[in-house]
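Asker: entry17.pdb is reproduced in full below (PDB, C-alpha atoms, pLDDT in the B column).
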ATOM      1  CA  MET A  49     -81.067  25.000  -2.634  1.00 37.00           C
ATOM      2  CA  SER A  50     -81.870  26.430   0.719  1.00 38.00           C
ATOM      3  CA  PHE A  51     -81.620  23.104   2.573  1.00 38.00           C
ATOM      4  CA  LEU A  52     -77.894  22.920   1.774  1.00 43.00           C
ATOM      5  CA  ARG A  53     -75.797  24.883   4.222  1.00 43.00           C
ATOM      6  CA  ARG A  54     -72.286  25.150   5.551  1.00 45.00           C
ATOM      7  CA  ARG A  55     -71.518  23.686   8.933  1.00 46.00           C
ATOM      8  CA  SER A  56     -68.811  25.050  11.160  1.00 46.00           C
ATOM      9  CA  SER A  57     -66.378  23.222  13.405  1.00 43.00           C
ATOM     10  CA  ALA A  58     -62.984  24.066  14.840  1.00 41.00           C
ATOM     11  CA  THR A  59     -60.984  21.259  13.227  1.00 46.00           C
ATOM     12  CA  PRO A  60     -63.038  19.331  10.731  1.00 46.00           C
ATOM     13  CA  ALA A  61     -62.583  15.571  10.608  1.00 60.00           C
ATOM     14  CA  GLY A  62     -64.693  15.621   7.467  1.00 76.00           C
ATOM     15  CA  PRO A  63     -66.423  18.158   5.241  1.00 84.00           C
ATOM     16  CA  ASP A  64     -67.808  21.419   6.622  1.00 81.00           C
ATOM     17  CA  PHE A  65     -70.509  21.290   3.952  1.00 85.00           C
ATOM     18  CA  ASP A  66     -73.402  18.965   3.243  1.00 86.00           C
ATOM     19  CA  VAL A  67     -72.726  16.330   0.588  1.00 90.00           C
ATOM     20  CA  LEU A  68     -75.351  16.059  -2.118  1.00 90.00           C
ATOM     21  CA  ALA A  69     -75.538  12.515  -3.507  1.00 90.00           C
ATOM     22  CA  MET A  70     -77.728   9.430  -3.797  1.00 87.00           C
ATOM     23  CA  ASP A  71     -78.494   7.633  -0.567  1.00 84.00           C
ATOM     24  CA  PRO A  72     -76.314   4.497  -0.371  1.00 78.00           C
ATOM     25  CA  GLY A  73     -79.423   2.515   0.559  1.00 79.00           C
ATOM     26  CA  ASP A  74     -80.996   3.438  -2.786  1.00 76.00           C
ATOM     27  CA  TRP A  75     -78.074   2.048  -4.795  1.00 76.00           C
ATOM     28  CA  PRO A  76     -77.913  -1.673  -5.704  1.00 75.00           C
ATOM     29  CA  GLY A  77     -74.160  -1.930  -5.327  1.00 78.00           C
ATOM     30  CA  ASN A  78     -71.187  -0.800  -3.268  1.00 83.00           C
ATOM     31  CA  LEU A  79     -70.444   2.784  -2.270  1.00 82.00           C
ATOM     32  CA  GLY A  80     -67.000   4.201  -1.619  1.00 85.00           C
ATOM     33  CA  ALA A  81     -66.229   7.743  -0.493  1.00 86.00           C
ATOM     34  CA  GLY A  82     -63.056   9.769  -0.648  1.00 87.00           C
ATOM     35  CA  LEU A  83     -62.120  13.029   1.060  1.00 87.00           C
ATOM     36  CA  LEU A  84     -59.765  15.550  -0.525  1.00 89.00           C
ATOM     37  CA  PRO A  85     -57.660  17.063   2.271  1.00 86.00           C
ATOM     38  CA  ALA A  86     -55.997  20.473   2.199  1.00 83.00           C
ATOM     39  CA  PRO A  87     -52.573  20.987   3.857  1.00 82.00           C
ATOM     40  CA  ASP A  88     -54.335  22.511   6.904  1.00 82.00           C
ATOM     41  CA  GLY A  89     -56.446  19.358   7.350  1.00 80.00           C
ATOM     42  CA  SER A  90     -59.680  20.876   6.104  1.00 81.00           C
ATOM     43  CA  CYS A  91     -61.794  18.974   3.609  1.00 85.00           C
ATOM     44  CA  GLN A  92     -61.525  20.362   0.080  1.00 89.00           C
ATOM     45  CA  GLY A  93     -64.049  18.005  -1.428  1.00 91.00           C
ATOM     46  CA  VAL A  94     -65.850  14.691  -1.232  1.00 91.00           C
ATOM     47  CA  PHE A  95     -66.353  12.225  -4.044  1.00 92.00           C
ATOM     48  CA  LEU A  96     -68.553   9.153  -3.952  1.00 91.00           C
ATOM     49  CA  ARG A  97     -67.976   6.125  -6.125  1.00 90.00           C
ATOM     50  CA  TYR A  98     -70.974   3.928  -6.861  1.00 89.00           C
ATOM     51  CA  ASP A  99     -69.913   0.432  -7.987  1.00 87.00           C
ATOM     52  CA  LEU A 100     -72.205  -2.236  -9.350  1.00 73.00           C
ATOM     53  CA  PHE A 101     -72.452  -5.709  -7.856  1.00 63.00           C
ATOM     54  CA  GLY A 102     -70.691  -8.573  -9.580  1.00 58.00           C
ATOM     55  CA  GLY A 103     -67.403  -6.754 -10.088  1.00 65.00           C
ATOM     56  CA  ARG A 104     -68.737  -4.921 -13.119  1.00 68.00           C
ATOM     57  CA  GLY A 105     -66.858  -1.802 -12.106  1.00 69.00           C
ATOM     58  CA  PRO A 106     -67.824   1.742 -11.198  1.00 75.00           C
ATOM     59  CA  ALA A 107     -70.961   3.121 -12.738  1.00 84.00           C
ATOM     60  CA  MET A 108     -70.893   6.637 -11.346  1.00 92.00           C
ATOM     61  CA  ILE A 109     -68.848   9.157  -9.392  1.00 94.00           C
ATOM     62  CA  ILE A 110     -70.459  12.172  -7.715  1.00 95.00           C
ATOM     63  CA  GLY A 111     -68.176  14.926  -6.451  1.00 95.00           C
ATOM     64  CA  ASN A 112     -68.891  17.850  -4.132  1.00 95.00           C
ATOM     65  CA  LEU A 113     -66.141  20.489  -4.283  1.00 95.00           C
ATOM     66  CA  PRO A 114     -66.452  23.687  -2.214  1.00 93.00           C
ATOM     67  CA  GLU A 115     -65.400  27.112  -3.406  1.00 92.00           C
ATOM     68  CA  GLY A 116     -61.606  27.395  -3.272  1.00 90.00           C
ATOM     69  CA  SER A 117     -60.948  23.679  -3.763  1.00 92.00           C
ATOM     70  CA  SER A 118     -57.916  23.170  -6.005  1.00 90.00           C
ATOM     71  CA  ALA A 119     -59.702  20.227  -7.672  1.00 92.00           C
ATOM     72  CA  ARG A 120     -62.119  22.754  -9.223  1.00 93.00           C
ATOM     73  CA  GLU A 121     -59.285  24.471 -11.097  1.00 91.00           C
ATOM     74  CA  VAL A 122     -59.125  22.888 -14.545  1.00 91.00           C
ATOM     75  CA  ALA A 123     -57.871  24.459 -17.754  1.00 90.00           C
ATOM     76  CA  GLU A 124     -60.049  24.911 -20.836  1.00 87.00           C
ATOM     77  CA  GLY A 125     -60.777  21.525 -22.416  1.00 87.00           C
ATOM     78  CA  GLU A 126     -59.514  19.527 -19.421  1.00 93.00           C
ATOM     79  CA  ILE A 127     -61.753  16.980 -17.729  1.00 96.00           C
ATOM     80  CA  PRO A 128     -63.213  17.518 -14.245  1.00 97.00           C
ATOM     81  CA  PHE A 129     -61.614  15.764 -11.280  1.00 95.00           C
ATOM     82  CA  GLU A 130     -64.498  13.267 -11.081  1.00 95.00           C
ATOM     83  CA  VAL A 131     -64.057  12.142 -14.695  1.00 96.00           C
ATOM     84  CA  GLY A 132     -60.378  11.547 -13.952  1.00 94.00           C
ATOM     85  CA  GLN A 133     -61.335   9.470 -10.896  1.00 93.00           C
ATOM     86  CA  LEU A 134     -63.781   7.440 -12.994  1.00 93.00           C
ATOM     87  CA  LEU A 135     -61.092   6.748 -15.602  1.00 93.00           C
ATOM     88  CA  LEU A 136     -58.640   5.690 -12.853  1.00 91.00           C
ATOM     89  CA  ALA A 137     -61.221   3.349 -11.318  1.00 87.00           C
ATOM     90  CA  LEU A 138     -61.853   1.811 -14.735  1.00 88.00           C
ATOM     91  CA  GLU A 139     -58.088   1.517 -15.333  1.00 89.00           C
ATOM     92  CA  ASN A 140     -58.648   3.443 -18.557  1.00 90.00           C
ATOM     93  CA  ASP A 141     -55.574   5.490 -19.477  1.00 90.00           C
ATOM     94  CA  GLU A 142     -57.048   6.935 -22.677  1.00 91.00           C
ATOM     95  CA  GLU A 143     -56.627  10.698 -22.976  1.00 94.00           C
ATOM     96  CA  VAL A 144     -60.047  12.327 -22.638  1.00 96.00           C
ATOM     97  CA  THR A 145     -60.890  15.984 -23.221  1.00 96.00           C
ATOM     98  CA  VAL A 146     -63.968  18.190 -23.005  1.00 96.00           C
ATOM     99  CA  VAL A 147     -65.113  18.977 -26.546  1.00 96.00           C
ATOM    100  CA  ASP A 148     -68.299  20.969 -25.835  1.00 96.00           C
ATOM    101  CA  THR A 149     -70.601  22.187 -23.040  1.00 95.00           C
ATOM    102  CA  GLU A 150     -74.291  23.016 -22.930  1.00 96.00           C
ATOM    103  CA  ASP A 151     -76.314  24.682 -20.152  1.00 96.00           C
ATOM    104  CA  ILE A 152     -79.739  23.127 -19.481  1.00 94.00           C
ATOM    105  CA  PRO A 153     -82.373  24.185 -16.883  1.00 93.00           C
ATOM    106  CA  VAL A 154     -83.543  21.305 -14.661  1.00 88.00           C
ATOM    107  CA  MET A 155     -85.977  21.306 -11.731  1.00 82.00           C
ATOM    108  CA  GLN A 156     -84.977  19.520  -8.521  1.00 76.00           C
ATOM    109  CA  GLY A 157     -88.021  19.713  -6.283  1.00 74.00           C
ATOM    110  CA  ASP A 158     -88.758  23.439  -6.012  1.00 81.00           C
ATOM    111  CA  ASN A 159     -85.238  24.439  -7.037  1.00 80.00           C
ATOM    112  CA  LEU A 160     -84.125  25.368 -10.539  1.00 84.00           C
ATOM    113  CA  LEU A 161     -80.676  24.071 -11.422  1.00 86.00           C
ATOM    114  CA  ILE A 162     -78.655  25.275 -14.373  1.00 92.00           C
ATOM    115  CA  VAL A 163     -76.935  22.028 -15.319  1.00 95.00           C
ATOM    116  CA  ARG A 164     -73.835  22.135 -17.500  1.00 96.00           C
ATOM    117  CA  ARG A 165     -73.611  19.026 -19.707  1.00 96.00           C
ATOM    118  CA  LEU A 166     -70.066  18.262 -20.776  1.00 97.00           C
ATOM    119  CA  LYS A 167     -69.528  16.424 -24.028  1.00 96.00           C
ATOM    120  CA  LEU A 168     -66.310  14.437 -23.811  1.00 97.00           C
ATOM    121  CA  SER A 169     -64.042  12.897 -26.418  1.00 96.00           C
ATOM    122  CA  GLU A 170     -64.861   9.500 -24.819  1.00 95.00           C
ATOM    123  CA  SER A 171     -68.548   9.099 -25.685  1.00 94.00           C
ATOM    124  CA  ARG A 172     -69.141   6.345 -23.091  1.00 94.00           C
ATOM    125  CA  ILE A 173     -68.728   8.918 -20.296  1.00 95.00           C
ATOM    126  CA  SER A 174     -71.654  11.172 -19.393  1.00 96.00           C
ATOM    127  CA  CYS A 175     -70.835  14.200 -17.258  1.00 97.00           C
ATOM    128  CA  VAL A 176     -72.883  17.042 -15.765  1.00 97.00           C
ATOM    129  CA  GLN A 177     -72.083  19.826 -13.306  1.00 96.00           C
ATOM    130  CA  PHE A 178     -74.088  22.372 -11.327  1.00 95.00           C
ATOM    131  CA  ASP A 179     -73.386  24.929  -8.620  1.00 92.00           C
ATOM    132  CA  ARG A 180     -75.351  24.793  -5.385  1.00 89.00           C
ATOM    133  CA  SER A 181     -76.580  27.831  -3.458  1.00 85.00           C
ATOM    134  CA  ASP A 182     -73.688  27.370  -0.992  1.00 87.00           C
ATOM    135  CA  ASN A 183     -71.104  27.552  -3.834  1.00 91.00           C
ATOM    136  CA  VAL A 184     -70.318  23.826  -3.781  1.00 93.00           C
ATOM    137  CA  LEU A 185     -69.796  22.429  -7.290  1.00 96.00           C
ATOM    138  CA  VAL A 186     -71.491  19.071  -7.858  1.00 96.00           C
ATOM    139  CA  THR A 187     -70.137  16.940 -10.712  1.00 97.00           C
ATOM    140  CA  ILE A 188     -71.644  13.635 -11.792  1.00 96.00           C
ATOM    141  CA  ALA A 189     -69.653  11.352 -14.087  1.00 96.00           C
ATOM    142  CA  ALA A 190     -71.208   8.102 -15.301  1.00 94.00           C
ATOM    143  CA  TRP A 191     -69.776   5.252 -17.358  1.00 91.00           C
ATOM    144  CA  ASP A 192     -71.738   3.813 -20.251  1.00 88.00           C
ATOM    145  CA  ARG A 193     -75.120   5.194 -19.182  1.00 85.00           C
ATOM    146  CA  PRO A 194     -76.743   8.574 -19.826  1.00 88.00           C
ATOM    147  CA  ILE A 195     -77.483  10.988 -16.989  1.00 91.00           C
ATOM    148  CA  THR A 196     -81.205  11.754 -17.147  1.00 88.00           C
ATOM    149  CA  ASP A 197     -83.330  14.324 -15.300  1.00 85.00           C
ATOM    150  CA  ASP A 198     -84.657  11.507 -13.083  1.00 85.00           C
ATOM    151  CA  LEU A 199     -81.278  11.308 -11.357  1.00 86.00           C
ATOM    152  CA  TYR A 200     -81.603  14.830  -9.897  1.00 86.00           C
ATOM    153  CA  ALA A 201     -84.715  13.730  -7.972  1.00 83.00           C
ATOM    154  CA  LEU A 202     -82.603  11.037  -6.235  1.00 85.00           C
ATOM    155  CA  LEU A 203     -79.986  13.511  -4.988  1.00 88.00           C
ATOM    156  CA  LYS A 204     -80.245  14.521  -1.350  1.00 88.00           C
ATOM    157  CA  PRO A 205     -77.971  15.745   1.446  1.00 88.00           C
ATOM    158  CA  LEU A 206     -76.280  12.816   3.163  1.00 84.00           C
ATOM    159  CA  PRO A 207     -75.642  12.860   6.934  1.00 73.00           C
ATOM    160  CA  PRO A 208     -72.240  14.349   7.818  1.00 70.00           C
ATOM    161  CA  GLU A 209     -71.303  11.376  10.012  1.00 73.00           C
ATOM    162  CA  LEU A 210     -70.964   9.250   6.852  1.00 76.00           C
ATOM    163  CA  PHE A 211     -67.807  11.208   6.021  1.00 78.00           C
ATOM    164  CA  GLN A 212     -66.139  11.674   9.414  1.00 72.00           C
ATOM    165  CA  GLN A 213     -62.625  10.294   9.736  1.00 60.00           C
ATOM    166  CA  ALA A 214     -61.828   8.427  12.923  1.00 54.00           C
TER
END
For the file at hand, write its structure as structure tokens.

Answerer:
Amino acid sequence: MSFLRRRSSATPAGPDFDVLAMDPGDWPGNLGAGLLPAPDGSCQGVFLRYDLFGGRGPAMIIGNLPEGSSAREVAEGEIPFEVGQLLLALENDEEVTVVDTEDIPVMQGDNLLIVRRLKLSESRISCVQFDRSDNVLVTIAAWDRPITDDLYALLKPLPPELFQQA
């Protein structure tokens, strides 16, 4: 995805990479964002939590983790960071594991994505991952709804100022 690029700054107050997600204005609920800081203050990832109105709980978490982020390091069969965040938000302490993966080609505009679908031991969680051209890993975890190819068309880079810390 050529439109995704790294930004540079001396001391980042937020991510030094574009965040690929759904525009908050396109979502009929509340959006929360979290930054994963490294000991040096740099941003090691961003995850967005999309909650539904009416207190029905989180529906989706989208994570953007750059190369070198410790949150990307998971052992065989372990769940991605974003699935863990979804389970925490749902106050679900059930042990969940990855039982299978499948690579699927998907078009996003003019870009071909190789999407990795993760099958989890908790069947109500849908999870997909793909690597961007700037080596940022995008993971989408959804509760009780499938992730369809239509979702990829809604993903776009969000303005960096959304994630700046004061």

Asker: Which residues are near Lys204 of chain A? Cut-off 10 Å, only C-alpha atoms, ignore same chain within fewer than 2 positions. Put them as a PyMOL selection string.

Answerer: chain A and resi 51-52+66-71+156+200-202+206-207

Asker: Which residues are near Val186 of chain A? Cut-off 6 Å, all atoms listed in the file, ignore same chain within fewer than 2 positions. Put them as a count of residues only.

Answerer: 4

Asker: Using all atoms listed in the file, list the residues that have an atom at most 10 Å from (-81.9, 23.5, -21.5), coordinates as in the file, as a PyMOL selection string.

Answerer: chain A and resi 150-154+162-165

Asker: Keeping only C-alpha atoms, take the residues you just selected and write them out as a PDB file, in the coordinates of the input.

Answerer:
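Generated output (selection37.pdb):
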ATOM      1  CA  GLU A 150     -74.291  23.016 -22.930  1.00 96.00           C
ATOM      2  CA  ASP A 151     -76.314  24.682 -20.152  1.00 96.00           C
ATOM      3  CA  ILE A 152     -79.739  23.127 -19.481  1.00 94.00           C
ATOM      4  CA  PRO A 153     -82.373  24.185 -16.883  1.00 93.00           C
ATOM      5  CA  VAL A 154     -83.543  21.305 -14.661  1.00 88.00           C
ATOM      6  CA  ILE A 162     -78.655  25.275 -14.373  1.00 92.00           C
ATOM      7  CA  VAL A 163     -76.935  22.028 -15.319  1.00 95.00           C
ATOM      8  CA  ARG A 164     -73.835  22.135 -17.500  1.00 96.00           C
ATOM      9  CA  ARG A 165     -73.611  19.026 -19.707  1.00 96.00           C
TER      10      ARG A 165
END

Asker: As an exercise, work out the distance from atom CA of Arg172 of chain A to atom CA of Thr145 of chain A in Å and give it to one decimal place.

Answerer: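 Computing it gives 12.7 Å between the two atoms.
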
Asker: Pick out the closest residue to Pro72 of chain A from this set: A:Tyr98, A:Phe211, A:Trp191, A:Phe129. Count all atoms listed in the file.

Answerer: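 Looking at the shortest contact to Pro72 of chain A, the residue is A:Tyr98.
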
Asker: Between atom CA of Leu168 of chain A and atom CA of Ala190 of chain A, what is the distance, to one decimal in Å?

Answerer: 11.7 Å
